Structures are given as C-alpha cells and as structure tokens.
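File shown: input.pdb. Contents: PDB, C-alpha atoms.
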```
ATOM      1  CA  MET A   1       7.896  12.972  -4.630  1.00  0.00           C
ATOM      2  CA  LEU A   2       5.133  13.346  -7.213  1.00  0.00           C
ATOM      3  CA  GLN A   3       5.573  17.091  -7.442  1.00  0.00           C
ATOM      4  CA  HIS A   4       9.346  17.172  -7.907  1.00  0.00           C
ATOM      5  CA  PHE A   5      10.364  13.795  -9.376  1.00  0.00           C
ATOM      6  CA  ALA A   6       7.525  12.715 -11.720  1.00  0.00           C
ATOM      7  CA  ASP A   7       7.906  12.619 -15.477  1.00  0.00           C
ATOM      8  CA  SER A   8       5.132  12.822 -18.039  1.00  0.00           C
ATOM      9  CA  GLU A   9       5.289   9.083 -18.808  1.00  0.00           C
ATOM     10  CA  GLY A  10       4.330   7.785 -15.363  1.00  0.00           C
ATOM     11  CA  THR A  11       7.729   7.033 -13.849  1.00  0.00           C
ATOM     12  CA  LEU A  12      10.069   9.132 -11.745  1.00  0.00           C
ATOM     13  CA  TYR A  13      13.417  10.773 -12.228  1.00  0.00           C
ATOM     14  CA  ASP A  14      16.249  10.108  -9.779  1.00  0.00           C
ATOM     15  CA  THR A  15      16.734  13.849  -9.261  1.00  0.00           C
ATOM     16  CA  SER A  16      14.186  16.534  -8.477  1.00  0.00           C
ATOM     17  CA  ASP A  17      13.124  19.266 -10.868  1.00  0.00           C
ATOM     18  CA  ASP A  18      14.876  21.854  -8.663  1.00  0.00           C
ATOM     19  CA  HIS A  19      18.170  19.939  -8.686  1.00  0.00           C
ATOM     20  CA  GLU A  20      21.209  21.457 -10.377  1.00  0.00           C
ATOM     21  CA  THR A  21      20.975  21.279 -14.159  1.00  0.00           C
ATOM     22  CA  LEU A  22      22.362  18.064 -15.610  1.00  0.00           C
ATOM     23  CA  ILE A  23      22.887  17.064 -19.230  1.00  0.00           C
ATOM     24  CA  THR A  24      20.079  14.538 -18.744  1.00  0.00           C
ATOM     25  CA  ARG A  25      18.028  13.748 -15.683  1.00  0.00           C
ATOM     26  CA  PRO A  26      18.808  10.176 -14.659  1.00  0.00           C
ATOM     27  CA  ARG A  27      16.020   7.654 -14.272  1.00  0.00           C
ATOM     28  CA  ASP A  28      16.974   4.151 -13.155  1.00  0.00           C
ATOM     29  CA  LEU A  29      14.132   1.753 -13.844  1.00  0.00           C
ATOM     30  CA  GLN A  30      15.876  -1.600 -13.522  1.00  0.00           C
ATOM     31  CA  ASP A  31      16.165  -3.443 -10.214  1.00  0.00           C
ATOM     32  CA  ASN A  32      19.684  -4.372  -9.233  1.00  0.00           C
ATOM     33  CA  ALA A  33      21.108  -5.543  -5.893  1.00  0.00           C
ATOM     34  CA  THR A  34      18.667  -3.027  -4.448  1.00  0.00           C
ATOM     35  CA  PRO A  35      15.240  -2.326  -5.957  1.00  0.00           C
ATOM     36  CA  SER A  36      14.931   0.679  -8.232  1.00  0.00           C
ATOM     37  CA  GLY A  37      13.540   3.821  -6.685  1.00  0.00           C
ATOM     38  CA  ASN A  38      10.771   3.801  -9.275  1.00  0.00           C
ATOM     39  CA  ALA A  39       9.652   0.280  -8.401  1.00  0.00           C
ATOM     40  CA  MET A  40       9.667   1.076  -4.681  1.00  0.00           C
ATOM     41  CA  ALA A  41       7.749   4.302  -5.289  1.00  0.00           C
ATOM     42  CA  VAL A  42       5.060   2.417  -7.232  1.00  0.00           C
ATOM     43  CA  THR A  43       4.792  -0.200  -4.480  1.00  0.00           C
ATOM     44  CA  THR A  44       4.527   2.542  -1.875  1.00  0.00           C
ATOM     45  CA  LEU A  45       1.879   4.453  -3.839  1.00  0.00           C
ATOM     46  CA  LEU A  46      -0.276   1.335  -4.081  1.00  0.00           C
ATOM     47  CA  LYS A  47      -0.061   0.744  -0.331  1.00  0.00           C
ATOM     48  CA  LEU A  48      -0.528   4.425   0.451  1.00  0.00           C
ATOM     49  CA  ALA A  49      -3.755   4.364  -1.557  1.00  0.00           C
ATOM     50  CA  GLY A  50      -5.071   1.724   0.846  1.00  0.00           C
ATOM     51  CA  PHE A  51      -4.371   3.942   3.849  1.00  0.00           C
ATOM     52  CA  THR A  52      -5.626   7.185   2.331  1.00  0.00           C
ATOM     53  CA  ASN A  53      -8.371   6.201  -0.148  1.00  0.00           C
ATOM     54  CA  GLU A  54      -6.592   8.401  -2.718  1.00  0.00           C
ATOM     55  CA  LEU A  55      -7.333   6.735  -6.037  1.00  0.00           C
ATOM     56  CA  ARG A  56      -4.951   9.065  -7.866  1.00  0.00           C
ATOM     57  CA  TYR A  57      -2.082   7.093  -6.286  1.00  0.00           C
ATOM     58  CA  VAL A  58      -3.442   3.922  -7.886  1.00  0.00           C
ATOM     59  CA  ASP A  59      -3.783   5.693 -11.240  1.00  0.00           C
ATOM     60  CA  ILE A  60      -0.177   6.908 -11.118  1.00  0.00           C
ATOM     61  CA  ALA A  61       1.065   3.433 -10.137  1.00  0.00           C
ATOM     62  CA  HIS A  62      -0.952   1.748 -12.885  1.00  0.00           C
ATOM     63  CA  ARG A  63       0.413   4.181 -15.472  1.00  0.00           C
ATOM     64  CA  ALA A  64       3.984   3.329 -14.443  1.00  0.00           C
ATOM     65  CA  LEU A  65       3.246  -0.411 -14.396  1.00  0.00           C
ATOM     66  CA  THR A  66       1.710  -0.199 -17.867  1.00  0.00           C
ATOM     67  CA  GLN A  67       4.804   1.579 -19.161  1.00  0.00           C
ATOM     68  CA  MET A  68       7.086  -1.056 -17.605  1.00  0.00           C
ATOM     69  CA  GLN A  69       5.065  -4.117 -18.671  1.00  0.00           C
ATOM     70  CA  PRO A  70       7.099  -4.894 -21.832  1.00  0.00           C
ATOM     71  CA  MET A  71      10.367  -4.779 -19.870  1.00  0.00           C
ATOM     72  CA  MET A  72       8.977  -6.891 -17.015  1.00  0.00           C
ATOM     73  CA  SER A  73       7.727  -9.587 -19.383  1.00  0.00           C
ATOM     74  CA  GLN A  74      10.908  -9.673 -21.471  1.00  0.00           C
ATOM     75  CA  TYR A  75      13.464  -9.429 -18.622  1.00  0.00           C
ATOM     76  CA  PRO A  76      11.747 -10.575 -15.403  1.00  0.00           C
ATOM     77  CA  LEU A  77      15.005 -11.140 -13.494  1.00  0.00           C
ATOM     78  CA  GLY A  78      15.876  -7.458 -13.855  1.00  0.00           C
ATOM     79  CA  PHE A  79      12.534  -6.208 -12.597  1.00  0.00           C
ATOM     80  CA  GLY A  80      11.770  -8.166  -9.431  1.00  0.00           C
ATOM     81  CA  GLN A  81      10.389  -5.269  -7.407  1.00  0.00           C
ATOM     82  CA  TRP A  82       8.319  -4.128 -10.369  1.00  0.00           C
ATOM     83  CA  LEU A  83       6.809  -7.621 -10.494  1.00  0.00           C
ATOM     84  CA  GLN A  84       6.058  -7.391  -6.760  1.00  0.00           C
ATOM     85  CA  ALA A  85       4.269  -4.094  -7.350  1.00  0.00           C
ATOM     86  CA  LEU A  86       2.349  -5.632 -10.254  1.00  0.00           C
ATOM     87  CA  ALA A  87       1.318  -8.601  -8.115  1.00  0.00           C
ATOM     88  CA  TYR A  88       0.085  -6.207  -5.430  1.00  0.00           C
ATOM     89  CA  ALA A  89      -1.879  -4.168  -7.968  1.00  0.00           C
ATOM     90  CA  LEU A  90      -3.523  -7.264  -9.454  1.00  0.00           C
ATOM     91  CA  SER A  91      -4.346  -8.821  -6.080  1.00  0.00           C
ATOM     92  CA  LYS A  92      -7.188  -6.508  -5.058  1.00  0.00           C
ATOM     93  CA  PRO A  93      -5.425  -5.729  -1.775  1.00  0.00           C
ATOM     94  CA  ARG A  94      -7.197  -5.728   1.548  1.00  0.00           C
ATOM     95  CA  GLU A  95      -7.253  -2.801   3.969  1.00  0.00           C
ATOM     96  CA  VAL A  96      -7.669  -3.601   7.664  1.00  0.00           C
ATOM     97  CA  ALA A  97      -8.490  -0.891  10.191  1.00  0.00           C
ATOM     98  CA  ILE A  98      -8.260  -1.776  13.869  1.00  0.00           C
ATOM     99  CA  VAL A  99      -9.574   0.639  16.457  1.00  0.00           C
ATOM    100  CA  GLY A 100      -8.743   0.130  20.106  1.00  0.00           C
ATOM    101  CA  ASP A 101      -6.306   0.930  22.871  1.00  0.00           C
ATOM    102  CA  ARG A 102      -2.915  -0.352  21.685  1.00  0.00           C
ATOM    103  CA  ASP A 103      -2.151  -2.068  24.996  1.00  0.00           C
ATOM    104  CA  SER A 104      -5.553  -3.670  25.648  1.00  0.00           C
ATOM    105  CA  THR A 105      -5.990  -7.422  25.382  1.00  0.00           C
ATOM    106  CA  ASP A 106      -8.820  -7.226  22.857  1.00  0.00           C
ATOM    107  CA  THR A 107      -6.810  -4.960  20.531  1.00  0.00           C
ATOM    108  CA  GLN A 108      -3.736  -7.194  20.817  1.00  0.00           C
ATOM    109  CA  ALA A 109      -5.859 -10.255  19.998  1.00  0.00           C
ATOM    110  CA  LEU A 110      -7.026  -8.630  16.741  1.00  0.00           C
ATOM    111  CA  LEU A 111      -3.492  -7.483  15.909  1.00  0.00           C
ATOM    112  CA  ASN A 112      -2.150 -10.998  16.472  1.00  0.00           C
ATOM    113  CA  ILE A 113      -4.595 -12.295  13.869  1.00  0.00           C
ATOM    114  CA  VAL A 114      -3.594  -9.792  11.156  1.00  0.00           C
ATOM    115  CA  ARG A 115       0.094 -10.398  11.893  1.00  0.00           C
ATOM    116  CA  ASP A 116      -0.246 -14.183  11.773  1.00  0.00           C
ATOM    117  CA  GLY A 117       0.578 -15.841   8.479  1.00  0.00           C
ATOM    118  CA  TYR A 118       1.787 -14.503   5.185  1.00  0.00           C
ATOM    119  CA  ARG A 119      -0.507 -11.810   3.801  1.00  0.00           C
ATOM    120  CA  PRO A 120       1.537  -9.577   1.500  1.00  0.00           C
ATOM    121  CA  PHE A 121      -1.488  -7.967  -0.116  1.00  0.00           C
ATOM    122  CA  GLN A 122      -2.897  -6.034   2.803  1.00  0.00           C
ATOM    123  CA  VAL A 123      -2.277  -2.881   4.773  1.00  0.00           C
ATOM    124  CA  VAL A 124      -3.128  -2.541   8.450  1.00  0.00           C
ATOM    125  CA  ALA A 125      -3.857   0.674  10.338  1.00  0.00           C
ATOM    126  CA  LEU A 126      -4.210   0.842  14.110  1.00  0.00           C
ATOM    127  CA  GLY A 127      -5.915   3.778  15.740  1.00  0.00           C
ATOM    128  CA  SER A 128      -6.939   4.866  19.187  1.00  0.00           C
ATOM    129  CA  PRO A 129     -10.663   5.483  19.673  1.00  0.00           C
ATOM    130  CA  SER A 130      -9.876   8.852  21.245  1.00  0.00           C
ATOM    131  CA  THR A 131      -7.928  10.289  18.290  1.00  0.00           C
ATOM    132  CA  GLU A 132     -10.087  12.781  16.375  1.00  0.00           C
ATOM    133  CA  PRO A 133      -9.540  13.187  13.520  1.00  0.00           C
ATOM    134  CA  PRO A 134      -7.561  10.001  12.930  1.00  0.00           C
ATOM    135  CA  ALA A 135      -4.067  10.322  11.495  1.00  0.00           C
ATOM    136  CA  VAL A 136      -4.864   7.739   8.803  1.00  0.00           C
ATOM    137  CA  PRO A 137      -7.972   8.190   6.626  1.00  0.00           C
ATOM    138  CA  LEU A 138      -8.602   4.412   6.661  1.00  0.00           C
ATOM    139  CA  LEU A 139      -9.546   4.856  10.327  1.00  0.00           C
ATOM    140  CA  GLN A 140     -12.081   7.625   9.584  1.00  0.00           C
ATOM    141  CA  ASP A 141     -15.564   6.957  10.999  1.00  0.00           C
ATOM    142  CA  ARG A 142     -14.426   3.754  12.708  1.00  0.00           C
ATOM    143  CA  GLY A 143     -14.804   3.186  16.412  1.00  0.00           C
ATOM    144  CA  LEU A 144     -15.148   0.696  19.229  1.00  0.00           C
ATOM    145  CA  VAL A 145     -18.080  -1.698  19.199  1.00  0.00           C
ATOM    146  CA  ASN A 146     -19.817  -1.921  22.566  1.00  0.00           C
ATOM    147  CA  GLY A 147     -16.603  -0.757  24.221  1.00  0.00           C
ATOM    148  CA  GLN A 148     -14.489  -3.431  22.531  1.00  0.00           C
ATOM    149  CA  ALA A 149     -11.691  -3.101  19.999  1.00  0.00           C
ATOM    150  CA  ALA A 150     -12.991  -3.596  16.476  1.00  0.00           C
ATOM    151  CA  ALA A 151     -11.551  -4.573  13.118  1.00  0.00           C
ATOM    152  CA  TYR A 152     -12.880  -3.312   9.803  1.00  0.00           C
ATOM    153  CA  VAL A 153     -11.883  -5.242   6.683  1.00  0.00           C
ATOM    154  CA  CYS A 154     -12.161  -3.372   3.387  1.00  0.00           C
ATOM    155  CA  ARG A 155     -11.437  -3.889  -0.293  1.00  0.00           C
ATOM    156  CA  GLU A 156     -11.428  -1.068  -2.815  1.00  0.00           C
ATOM    157  CA  LEU A 157     -13.041   1.340  -0.333  1.00  0.00           C
ATOM    158  CA  ALA A 158     -15.909  -1.052   0.482  1.00  0.00           C
ATOM    159  CA  CYS A 159     -15.844  -2.251   4.085  1.00  0.00           C
ATOM    160  CA  GLN A 160     -17.559  -5.162   5.725  1.00  0.00           C
ATOM    161  CA  ALA A 161     -19.289  -4.890   9.085  1.00  0.00           C
ATOM    162  CA  SER A 162     -17.065  -4.405  12.112  1.00  0.00           C
ATOM    163  CA  LEU A 163     -15.658  -7.465  13.844  1.00  0.00           C
ATOM    164  CA  VAL A 164     -14.747  -7.866  17.498  1.00  0.00           C
ATOM    165  CA  GLU A 165     -14.055 -11.609  17.632  1.00  0.00           C
ATOM    166  CA  PRO A 166     -10.488 -12.567  16.673  1.00  0.00           C
ATOM    167  CA  GLU A 167     -11.508 -15.960  15.249  1.00  0.00           C
ATOM    168  CA  VAL A 168     -14.144 -14.388  13.001  1.00  0.00           C
ATOM    169  CA  LEU A 169     -11.448 -11.995  11.745  1.00  0.00           C
ATOM    170  CA  ARG A 170      -9.124 -14.964  11.128  1.00  0.00           C
ATOM    171  CA  LEU A 171     -11.783 -16.770   9.074  1.00  0.00           C
ATOM    172  CA  LEU A 172     -12.476 -13.659   7.027  1.00  0.00           C
ATOM    173  CA  LEU A 173      -8.791 -13.068   6.280  1.00  0.00           C
ATOM    174  CA  GLU A 174      -8.163 -16.714   5.392  1.00  0.00           C
ATOM    175  CA  ASN A 175     -11.252 -17.226   3.258  1.00  0.00           C
ATOM    176  CA  GLY A 176     -12.155 -13.958   1.786  1.00  0.00           C
TER     177      GLY A 176
END
```
Using structure tokens, write down the structure from this file.
Amino acid sequence: MLQHFADSEGTLYDTSDDHETLITRPRDLQDNATPSGNAMAVTTLLKLAGFTNELRYVDIAHRALTQMQPMMSQYPLGFGQWLQALAYALSKPREVAIVGDRDSTDTQALLNIVRDGYRPFQVVALGSPSTEPPAVPLLQDRGLVNGQAAAYVCRELACQASLVEPEVLRLLLENG
C-alpha cells in the first residue's frame, strides 16, 4: 500500500502507481456512506504500529492527519473516520500481548478481561508460547510465567511487568 499508493503529501491515491495511465490519479479523502480508503488506511497504520513497533507507520499516519486537520475541523460530518483515527492517535493507545495456549482456562480468563468493556484504543495480540519466532512482533520476548498464561500491557513500546491474574489485568486496564 505504501509503496504503490502513497503520494508525497502523506495521503494515498485510489489507484496504484502501476495502474493504467489516467488523466489524474483519483484520491478520495472524504468519508461518505463508507469511510474513505485514506481514513481507513491511517487507522490501520496506527493499529499496525502497535503490533509491529514500526514507528514509521505512526509518522506516516500523523503526516496524513496533519494534512487533513483543516478539513476535519471545518467539516466534521464529512470526516468521521478521520476523526476516529485522530482520536486513536491522540489517545496514547495500549498494546496488550497475551501468551498462552489458546484453549487453556488461564489464557481464556485473560482474553475475557481484554474483551470485556469498551476499549477502542488498544490492540491485542495472542500468541502460543511454542511459536518461535512469534508472528507478531508485539509478542517478541514474551512468555509464560511459571507455566501460566501471561499478559503484557504496553504503551509506546514501554511494557509493564507481566500479569497472570485476570483481576489485576482488569484493574490495570480500567485505571491505567
């Protein structure tokens, strides 16, 4: 997406650079009945940064949000998904890594906590302790704690100590 659709101003074209030649390359920035591709791409880049620790995704998203800021403030009803992406970017999102056997009771207890309630500003990755290397960089260097499933709560690449107790995880997510 970034290689073939990006423009120099921080947003994306609707067609790739290897598409047939058009008079102008279209770029729909406004949200309509469905969100614009640009707004969804920015939202996705912000969340992808949480999974991958790739700060360049955040930089690209922030550049697009900065470019769109005048339009969002002047015509908010036409830029709903852009405003969602902006809210996510300003929220200091939380990354939660859970390591454990998907079907075990202790893993399910931790998953139930992160799924409970409305937490739009977080990403959650689940990994098996036997997968090396993990498919998602957020799970890198994370493992079981004394044979139990563990949760790792991070913000901006800084992670707190591992948690194995679901209620401690709940308190952390609700209060911090």
Set out as CSV a contact list for segment 48-154 of chain A and segment 7-29 of chain A with a cut-off of 9 Å, giving each residue of segment 48-154 of chain A that qualifies its closest atom pair and distance in Å to one decimal, counting all atoms listed in the file, ordered by chain and rising residue number.
```
residue,atom,partner,partner_atom,distance
A:Ile60,CA,A:Gly10,CA,6.3
A:Ala61,CA,A:Gly10,CA,7.5
A:His62,CA,A:Gly10,CA,8.4
A:Arg63,CA,A:Gly10,CA,5.3
A:Ala64,CA,A:Gly10,CA,4.6
A:Leu65,CA,A:Gly10,CA,8.3
A:Thr66,CA,A:Gly10,CA,8.8
A:Gln67,CA,A:Gly10,CA,7.3
A:Met68,CA,A:Leu29,CA,8.5
A:Phe79,CA,A:Leu29,CA,8.2
A:Trp82,CA,A:Leu29,CA,9.0
```
Query raised in the report: When you draw a straight line from atom CA of Glu174 of chain A to atom CA of Gly117 of chain A, how long is it in Å?
Result: 9.3 Å
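Nearest to Phe5 of chain A of all the residues A:Ala33, A:Val153, A:Ala41, A:Val164 is A:Ala41, counting all atoms listed in the file.
One finds atom CA of Ala125 of chain A at 20.6 Å from atom CA of Asn175 of chain A.
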Query - Picked residues, the PyMOL selection byres ((chain A and resi 42-52) around 9), as an MDAnalysis selection string - result: chainID A and resid 11 37:41 53:58 60:62 64:65 81:82 84:86 88:89 93:95 97 121:125 136:139 155:157
Query raised in the report: Which residues, protein or nucleic acid, reach to within 9 Å of (-6.2, 3.3, 15.3) in the file's coordinates when using all atoms listed in the file, and can you give that as a ChimeraX atom specification?
Result: /A:97-102,125-131,134-136,139,142-143
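Atom CA of Ala151 of chain A is found 7.1 Å from atom CA of Leu110 of chain A.
Minimum distance to Gly80 of chain A across A:Gln3, A:Gln160, A:Ser36, A:Asn146 (counting all atoms listed in the file) occurs at A:Ser36.
Each of A:Glu132, A:Thr105, A:Val96, A:Leu90 was checked against Ala161 of chain A using all atoms listed in the file; the smallest atom-to-atom distance is that of A:Val96.
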Requested in this report: Write out as JSON, numbers by chain the residues lying within 10 Å of Arg170 of chain A, counting all atoms listed in the file and excluding same-chain residues fewer than 2 positions away.
Outcome: {"A": [110, 112, 113, 114, 116, 165, 166, 167, 168, 172, 173, 174, 175, 176]}
